[in-house]
>>> print(open('final_9.pdb').read())   # PDB, C-alpha atoms
ATOM      1  CA  MET R  25    -112.308 122.707 -38.859  1.00  0.00           C
ATOM      2  CA  TYR R  26    -108.675 122.306 -37.807  1.00  0.00           C
ATOM      3  CA  LYS R  27    -107.520 124.572 -34.996  1.00  0.00           C
ATOM      4  CA  ILE R  28    -104.008 126.020 -35.131  1.00  0.00           C
ATOM      5  CA  ASP R  29    -102.399 125.693 -31.728  1.00  0.00           C
ATOM      6  CA  TRP R  30     -98.821 126.683 -32.538  1.00  0.00           C
ATOM      7  CA  THR R  31     -97.376 130.041 -31.569  1.00  0.00           C
ATOM      8  CA  LEU R  32     -95.155 132.571 -33.310  1.00  0.00           C
ATOM      9  CA  ALA R  33     -92.465 131.805 -30.735  1.00  0.00           C
ATOM     10  CA  GLN R  34     -92.551 128.142 -31.786  1.00  0.00           C
ATOM     11  CA  LEU R  35     -92.250 129.172 -35.433  1.00  0.00           C
ATOM     12  CA  GLU R  36     -89.279 131.390 -34.613  1.00  0.00           C
ATOM     13  CA  ILE R  37     -87.569 128.561 -32.742  1.00  0.00           C
ATOM     14  CA  PHE R  38     -88.276 126.059 -35.516  1.00  0.00           C
ATOM     15  CA  VAL R  39     -86.964 128.416 -38.233  1.00  0.00           C
ATOM     16  CA  ALA R  40     -83.827 129.101 -36.194  1.00  0.00           C
ATOM     17  CA  ALA R  41     -83.252 125.357 -35.757  1.00  0.00           C
ATOM     18  CA  VAL R  42     -83.479 124.790 -39.507  1.00  0.00           C
ATOM     19  CA  GLU R  43     -81.300 127.782 -40.380  1.00  0.00           C
ATOM     20  CA  GLN R  44     -78.673 127.117 -37.705  1.00  0.00           C
ATOM     21  CA  GLY R  45     -78.472 123.389 -38.434  1.00  0.00           C
ATOM     22  CA  SER R  46     -78.826 122.249 -34.831  1.00  0.00           C
ATOM     23  CA  PHE R  47     -80.957 122.755 -31.770  1.00  0.00           C
ATOM     24  CA  SER R  48     -78.024 123.938 -29.682  1.00  0.00           C
ATOM     25  CA  ALA R  49     -76.960 126.524 -32.301  1.00  0.00           C
ATOM     26  CA  ALA R  50     -80.574 127.733 -32.527  1.00  0.00           C
ATOM     27  CA  GLY R  51     -80.630 128.075 -28.739  1.00  0.00           C
ATOM     28  CA  ARG R  52     -77.435 130.119 -28.779  1.00  0.00           C
ATOM     29  CA  LYS R  53     -78.792 132.369 -31.539  1.00  0.00           C
ATOM     30  CA  LEU R  54     -82.057 132.942 -29.685  1.00  0.00           C
ATOM     31  CA  GLY R  55     -80.505 133.113 -26.219  1.00  0.00           C
ATOM     32  CA  ILE R  56     -82.453 130.138 -24.884  1.00  0.00           C
ATOM     33  CA  ALA R  57     -81.486 126.667 -23.680  1.00  0.00           C
ATOM     34  CA  GLN R  58     -81.075 123.843 -26.181  1.00  0.00           C
ATOM     35  CA  SER R  59     -83.684 121.888 -24.233  1.00  0.00           C
ATOM     36  CA  LYS R  60     -86.257 124.634 -24.862  1.00  0.00           C
ATOM     37  CA  VAL R  61     -85.570 124.410 -28.604  1.00  0.00           C
ATOM     38  CA  SER R  62     -85.890 120.635 -28.508  1.00  0.00           C
ATOM     39  CA  ASN R  63     -89.119 120.783 -26.478  1.00  0.00           C
ATOM     40  CA  SER R  64     -90.610 123.469 -28.722  1.00  0.00           C
ATOM     41  CA  VAL R  65     -89.895 121.433 -31.861  1.00  0.00           C
ATOM     42  CA  ALA R  66     -91.301 118.285 -30.223  1.00  0.00           C
ATOM     43  CA  ASP R  67     -94.458 120.214 -29.259  1.00  0.00           C
ATOM     44  CA  LEU R  68     -94.832 121.459 -32.832  1.00  0.00           C
ATOM     45  CA  GLU R  69     -94.488 117.918 -34.133  1.00  0.00           C
ATOM     46  CA  LEU R  70     -97.229 116.770 -31.743  1.00  0.00           C
ATOM     47  CA  ILE R  71     -99.539 119.647 -32.681  1.00  0.00           C
ATOM     48  CA  LEU R  72     -99.063 119.072 -36.408  1.00  0.00           C
ATOM     49  CA  GLY R  73     -98.962 115.293 -36.236  1.00  0.00           C
ATOM     50  CA  LEU R  74     -95.835 115.352 -38.410  1.00  0.00           C
ATOM     51  CA  GLN R  75     -92.171 114.632 -37.917  1.00  0.00           C
ATOM     52  CA  LEU R  76     -90.389 117.877 -38.836  1.00  0.00           C
ATOM     53  CA  PHE R  77     -86.844 116.670 -38.189  1.00  0.00           C
ATOM     54  CA  SER R  78     -85.098 113.390 -38.769  1.00  0.00           C
ATOM     55  CA  ARG R  79     -83.018 112.557 -35.716  1.00  0.00           C
ATOM     56  CA  ALA R  80     -81.249 109.552 -37.243  1.00  0.00           C
ATOM     57  CA  LYS R  81     -77.916 111.375 -37.374  1.00  0.00           C
ATOM     58  CA  LYS R  82     -76.052 113.388 -34.747  1.00  0.00           C
ATOM     59  CA  THR R  83     -77.574 116.654 -35.989  1.00  0.00           C
ATOM     60  CA  PRO R  84     -81.279 116.778 -36.806  1.00  0.00           C
ATOM     61  CA  THR R  85     -82.168 117.441 -40.441  1.00  0.00           C
ATOM     62  CA  PRO R  86     -85.528 118.660 -41.711  1.00  0.00           C
ATOM     63  CA  THR R  87     -87.807 116.028 -43.221  1.00  0.00           C
ATOM     64  CA  PRO R  88     -89.631 116.866 -46.492  1.00  0.00           C
ATOM     65  CA  GLU R  89     -92.590 117.909 -44.329  1.00  0.00           C
ATOM     66  CA  GLY R  90     -90.208 119.964 -42.189  1.00  0.00           C
ATOM     67  CA  ASN R  91     -88.876 121.743 -45.269  1.00  0.00           C
ATOM     68  CA  LYS R  92     -92.426 122.556 -46.395  1.00  0.00           C
ATOM     69  CA  PHE R  93     -93.307 123.776 -42.910  1.00  0.00           C
ATOM     70  CA  TYR R  94     -90.091 125.838 -42.848  1.00  0.00           C
ATOM     71  CA  ASP R  95     -91.046 127.647 -46.076  1.00  0.00           C
ATOM     72  CA  ASN R  96     -94.444 128.562 -44.659  1.00  0.00           C
ATOM     73  CA  ALA R  97     -93.138 129.435 -41.197  1.00  0.00           C
ATOM     74  CA  LYS R  98     -90.434 131.677 -42.658  1.00  0.00           C
ATOM     75  CA  SER R  99     -93.041 133.431 -44.797  1.00  0.00           C
ATOM     76  CA  ILE R 100     -95.228 134.063 -41.742  1.00  0.00           C
ATOM     77  CA  LEU R 101     -92.301 135.450 -39.735  1.00  0.00           C
ATOM     78  CA  VAL R 102     -91.261 137.756 -42.599  1.00  0.00           C
ATOM     79  CA  LYS R 103     -94.835 139.044 -42.826  1.00  0.00           C
ATOM     80  CA  CYS R 104     -94.929 139.606 -39.055  1.00  0.00           C
ATOM     81  CA  GLU R 105     -91.696 141.604 -39.271  1.00  0.00           C
ATOM     82  CA  ARG R 106     -93.204 143.749 -42.042  1.00  0.00           C
ATOM     83  CA  ILE R 107     -96.297 144.371 -39.930  1.00  0.00           C
ATOM     84  CA  ASN R 108     -94.106 145.420 -36.979  1.00  0.00           C
ATOM     85  CA  THR R 109     -92.038 147.739 -39.183  1.00  0.00           C
ATOM     86  CA  ASP R 110     -95.146 149.276 -40.746  1.00  0.00           C
ATOM     87  CA  MET R 111     -96.748 149.902 -37.367  1.00  0.00           C
ATOM     88  CA  ILE R 112     -93.560 151.423 -35.938  1.00  0.00           C
ATOM     89  CA  ASN R 113     -93.258 153.688 -38.985  1.00  0.00           C
ATOM     90  CA  ILE R 114     -96.897 154.741 -38.729  1.00  0.00           C
ATOM     91  CA  SER R 115     -96.593 155.449 -35.006  1.00  0.00           C
ATOM     92  CA  MET R 116     -93.540 157.610 -35.731  1.00  0.00           C
ATOM     93  CA  GLY R 117     -95.391 159.467 -38.485  1.00  0.00           C
ATOM     94  CA  MET R 118     -93.199 158.012 -41.223  1.00  0.00           C
ATOM     95  CA  GLU R 119     -94.713 157.270 -44.592  1.00  0.00           C
ATOM     96  CA  ASN R 120     -94.568 153.760 -45.949  1.00  0.00           C
ATOM     97  CA  ALA R 121     -95.404 154.584 -49.562  1.00  0.00           C
ATOM     98  CA  LEU R 122     -93.538 156.439 -52.287  1.00  0.00           C
ATOM     99  CA  THR R 123     -94.757 157.340 -55.774  1.00  0.00           C
ATOM    100  CA  ILE R 124     -92.107 158.150 -58.347  1.00  0.00           C
ATOM    101  CA  ALA R 125     -92.960 159.465 -61.810  1.00  0.00           C
ATOM    102  CA  ILE R 126     -90.570 159.280 -64.745  1.00  0.00           C
ATOM    103  CA  GLU R 127     -91.189 161.379 -67.839  1.00  0.00           C
ATOM    104  CA  ASP R 128     -92.049 159.560 -71.062  1.00  0.00           C
ATOM    105  CA  GLY R 129     -89.096 159.249 -73.378  1.00  0.00           C
ATOM    106  CA  LEU R 130     -86.397 159.303 -70.729  1.00  0.00           C
ATOM    107  CA  PRO R 131     -83.983 156.433 -71.168  1.00  0.00           C
ATOM    108  CA  PHE R 132     -84.354 154.066 -68.240  1.00  0.00           C
ATOM    109  CA  GLY R 133     -80.856 152.586 -68.459  1.00  0.00           C
ATOM    110  CA  ASN R 134     -80.069 150.943 -65.138  1.00  0.00           C
ATOM    111  CA  ILE R 135     -82.782 152.769 -63.200  1.00  0.00           C
ATOM    112  CA  ASP R 136     -84.387 149.416 -62.357  1.00  0.00           C
ATOM    113  CA  LEU R 137     -81.280 148.606 -60.310  1.00  0.00           C
ATOM    114  CA  ILE R 138     -81.905 151.712 -58.210  1.00  0.00           C
ATOM    115  CA  PHE R 139     -85.475 150.597 -57.512  1.00  0.00           C
ATOM    116  CA  LYS R 140     -84.313 147.085 -56.613  1.00  0.00           C
ATOM    117  CA  GLU R 141     -81.847 148.600 -54.152  1.00  0.00           C
ATOM    118  CA  ILE R 142     -84.586 150.757 -52.624  1.00  0.00           C
ATOM    119  CA  ALA R 143     -86.807 147.674 -52.278  1.00  0.00           C
ATOM    120  CA  ALA R 144     -83.987 145.736 -50.605  1.00  0.00           C
ATOM    121  CA  LYS R 145     -83.205 148.519 -48.123  1.00  0.00           C
ATOM    122  CA  PHE R 146     -86.841 149.345 -47.374  1.00  0.00           C
ATOM    123  CA  PRO R 147     -88.828 146.095 -47.716  1.00  0.00           C
ATOM    124  CA  SER R 148     -91.988 147.508 -46.145  1.00  0.00           C
ATOM    125  CA  LEU R 149     -92.063 150.506 -48.494  1.00  0.00           C
ATOM    126  CA  SER R 150     -94.814 150.428 -51.082  1.00  0.00           C
ATOM    127  CA  LEU R 151     -93.112 151.786 -54.201  1.00  0.00           C
ATOM    128  CA  THR R 152     -95.181 152.930 -57.187  1.00  0.00           C
ATOM    129  CA  ILE R 153     -93.422 153.919 -60.397  1.00  0.00           C
ATOM    130  CA  ILE R 154     -95.327 155.864 -63.040  1.00  0.00           C
ATOM    131  CA  ASN R 155     -94.243 156.618 -66.594  1.00  0.00           C
ATOM    132  CA  ALA R 156     -96.167 159.679 -67.841  1.00  0.00           C
ATOM    133  CA  PRO R 157     -95.972 162.812 -69.982  1.00  0.00           C
ATOM    134  CA  HIS R 158     -94.419 165.918 -68.424  1.00  0.00           C
ATOM    135  CA  LYS R 159     -97.724 167.785 -67.939  1.00  0.00           C
ATOM    136  CA  GLU R 160     -99.309 164.837 -66.096  1.00  0.00           C
ATOM    137  CA  ILE R 161     -96.272 164.562 -63.851  1.00  0.00           C
ATOM    138  CA  ILE R 162     -96.395 168.255 -62.952  1.00  0.00           C
ATOM    139  CA  GLN R 163    -100.115 167.999 -62.203  1.00  0.00           C
ATOM    140  CA  GLY R 164     -99.483 164.900 -60.059  1.00  0.00           C
ATOM    141  CA  VAL R 165     -96.823 166.734 -58.049  1.00  0.00           C
ATOM    142  CA  ILE R 166     -99.107 169.736 -57.559  1.00  0.00           C
ATOM    143  CA  ASN R 167    -101.966 167.439 -56.485  1.00  0.00           C
ATOM    144  CA  ARG R 168     -99.539 165.588 -54.183  1.00  0.00           C
ATOM    145  CA  ASN R 169    -100.202 162.264 -55.930  1.00  0.00           C
ATOM    146  CA  ILE R 170     -96.534 162.045 -56.938  1.00  0.00           C
ATOM    147  CA  ASP R 171     -93.766 162.301 -54.354  1.00  0.00           C
ATOM    148  CA  LEU R 172     -90.752 162.379 -56.668  1.00  0.00           C
ATOM    149  CA  ALA R 173     -90.511 163.256 -60.357  1.00  0.00           C
ATOM    150  CA  VAL R 174     -87.723 162.590 -62.833  1.00  0.00           C
ATOM    151  CA  THR R 175     -88.070 164.919 -65.798  1.00  0.00           C
ATOM    152  CA  LEU R 176     -85.846 166.807 -68.193  1.00  0.00           C
ATOM    153  CA  SER R 177     -88.435 169.193 -69.576  1.00  0.00           C
ATOM    154  CA  PRO R 178     -88.445 172.768 -68.296  1.00  0.00           C
ATOM    155  CA  SER R 179     -91.519 173.633 -66.311  1.00  0.00           C
ATOM    156  CA  ILE R 180     -93.434 176.785 -65.638  1.00  0.00           C
ATOM    157  CA  PHE R 181     -93.955 175.363 -62.163  1.00  0.00           C
ATOM    158  CA  SER R 182     -90.240 175.141 -61.402  1.00  0.00           C
ATOM    159  CA  GLU R 183     -90.498 177.520 -58.416  1.00  0.00           C
ATOM    160  CA  PHE R 184     -93.300 175.464 -56.904  1.00  0.00           C
ATOM    161  CA  ILE R 185     -91.542 172.161 -57.523  1.00  0.00           C
TER     162      ILE R 185
END
>>> encode(input="final_9.pdb", output="structure tokens")
Amino acid sequence: MYKIDWTLAQLEIFVAAVEQGSFSAAGRKLGIAQSKVSNSVADLELILGLQLFSRAKKTPTPTPEGNKFYDNAKSILVKCERINTDMINISMGMENALTIAIEDGLPFGNIDLIFKEIAAKFPSLSLTIINAPHKEIIQGVINRNIDLAVTLSPSIFSEFI
């Protein structure tokens, strides 16, 4: 079985080098020397047995293998950031899930845009949207299975809700 010997720091440096377009720009962004970026990328190439950058021109450009590695490395770093955010939120007692119920028959209009904006602002939030009859929504709120309800029907539970 193949052993992975690269580190998250190497992935971060590699991703910065791709995104910044040069090793020196990546170093400036990360606050490290250009030589450290260059050495980190060279170490990654040795570990993987692949050339990640073409150095034929003045500025290194990702090879096809480098582009594939970039996609995977970026995905790993995004996931790590989500884990960090989730753990910080949990340690601070903040919830990372929200259940919203919308009453059957309500016109949705541009409500999906609101949910897309919520997802963009809170990427680690697990958002569940339920479309249900009024009585089920009220019961869900009472049972604390629903955090937020959008309904137009009057309710006998209005004081509670």
>>> resolve_selection(input="final_9.pdb", expression="the PyMOL selection byres ((chain R and resi 38) around 8)", output="JSON, numbers by chain")
{"R": [34, 35, 36, 37, 39, 40, 41, 42, 61, 64, 65, 94]}
>>> write_last_selection(input="final_9.pdb", atoms="C-alpha atoms", output="tab-separated table (two decimals), keeping the file's coordinate frame")
chain	number	residue	atom	x	y	z
R	34	GLN	CA	-92.55	128.14	-31.79
R	35	LEU	CA	-92.25	129.17	-35.43
R	36	GLU	CA	-89.28	131.39	-34.61
R	37	ILE	CA	-87.57	128.56	-32.74
R	39	VAL	CA	-86.96	128.42	-38.23
R	40	ALA	CA	-83.83	129.10	-36.19
R	41	ALA	CA	-83.25	125.36	-35.76
R	42	VAL	CA	-83.48	124.79	-39.51
R	61	VAL	CA	-85.57	124.41	-28.60
R	64	SER	CA	-90.61	123.47	-28.72
R	65	VAL	CA	-89.90	121.43	-31.86
R	94	TYR	CA	-90.09	125.84	-42.85
>>> resolve_selection(input="final_9.pdb", expression="the PyMOL selection byres ((chain R and resi 72) around 12)", output="list in words")
Tyr26, Lys27, Ile28, Asp29, Trp30, Val65, Ala66, Asp67, Leu68, Glu69, Leu70, Ile71, Gly73, Leu74, Gln75, Leu76, Glu89, Gly90 and Phe93 of chain R
>>> write_last_selection(input="final_9.pdb", atoms="C-alpha atoms", output="PDB file, keeping the file's coordinate frame")
ATOM      1  CA  TYR R  26    -108.675 122.306 -37.807  1.00  0.00           C
ATOM      2  CA  LYS R  27    -107.520 124.572 -34.996  1.00  0.00           C
ATOM      3  CA  ILE R  28    -104.008 126.020 -35.131  1.00  0.00           C
ATOM      4  CA  ASP R  29    -102.399 125.693 -31.728  1.00  0.00           C
ATOM      5  CA  TRP R  30     -98.821 126.683 -32.538  1.00  0.00           C
ATOM      6  CA  VAL R  65     -89.895 121.433 -31.861  1.00  0.00           C
ATOM      7  CA  ALA R  66     -91.301 118.285 -30.223  1.00  0.00           C
ATOM      8  CA  ASP R  67     -94.458 120.214 -29.259  1.00  0.00           C
ATOM      9  CA  LEU R  68     -94.832 121.459 -32.832  1.00  0.00           C
ATOM     10  CA  GLU R  69     -94.488 117.918 -34.133  1.00  0.00           C
ATOM     11  CA  LEU R  70     -97.229 116.770 -31.743  1.00  0.00           C
ATOM     12  CA  ILE R  71     -99.539 119.647 -32.681  1.00  0.00           C
ATOM     13  CA  GLY R  73     -98.962 115.293 -36.236  1.00  0.00           C
ATOM     14  CA  LEU R  74     -95.835 115.352 -38.410  1.00  0.00           C
ATOM     15  CA  GLN R  75     -92.171 114.632 -37.917  1.00  0.00           C
ATOM     16  CA  LEU R  76     -90.389 117.877 -38.836  1.00  0.00           C
ATOM     17  CA  GLU R  89     -92.590 117.909 -44.329  1.00  0.00           C
ATOM     18  CA  GLY R  90     -90.208 119.964 -42.189  1.00  0.00           C
ATOM     19  CA  PHE R  93     -93.307 123.776 -42.910  1.00  0.00           C
TER      20      PHE R  93
END
>>> closest_atom_pairs(input="final_9.pdb", of="stretch 66-151 of chain R", to="stretch 156-174 of chain R", cutoff="9 Å", atoms="all atoms listed in the file", output="tab-separated table")
residue	atom	partner	partner_atom	distance
R:Leu122	CA	R:Asp171	CA	6.2
R:Thr123	CA	R:Ile170	CA	5.2
R:Ile124	CA	R:Leu172	CA	4.7
R:Ala125	CA	R:Ala173	CA	4.7
R:Ile126	CA	R:Val174	CA	4.8
R:Glu127	CA	R:Ala156	CA	5.3
R:Asp128	CA	R:Pro157	CA	5.2
R:Gly129	CA	R:Pro157	CA	8.5
R:Leu130	CA	R:Val174	CA	8.7
>>> write_last_selection(input="final_9.pdb", atoms="C-alpha atoms", output="short mmCIF file (atom, residue, chain, number, x, y, z; two decimals), keeping the file's coordinate frame")
data_model
loop_
_atom_site.label_atom_id
_atom_site.label_comp_id
_atom_site.auth_asym_id
_atom_site.auth_seq_id
_atom_site.Cartn_x
_atom_site.Cartn_y
_atom_site.Cartn_z
CA LEU R 122 -93.54 156.44 -52.29
CA THR R 123 -94.76 157.34 -55.77
CA ILE R 124 -92.11 158.15 -58.35
CA ALA R 125 -92.96 159.46 -61.81
CA ILE R 126 -90.57 159.28 -64.74
CA GLU R 127 -91.19 161.38 -67.84
CA ASP R 128 -92.05 159.56 -71.06
CA GLY R 129 -89.10 159.25 -73.38
CA LEU R 130 -86.40 159.30 -70.73
#
>>> atom_distance(input="final_9.pdb", atom1="atom CA of R:Ser48", atom2="atom CA of R:Ala97")
19.8 Å
>>> axis_aligned_box(input="final_9.pdb", around="stretch 68-85 of chain R", padding_each_side="8 Å", output="lines of an AutoDock Vina configuration file")
center_x = -87.8
center_y = 115.5
center_z = -36.1
size_x = 39.5
size_y = 27.9
size_z = 24.7
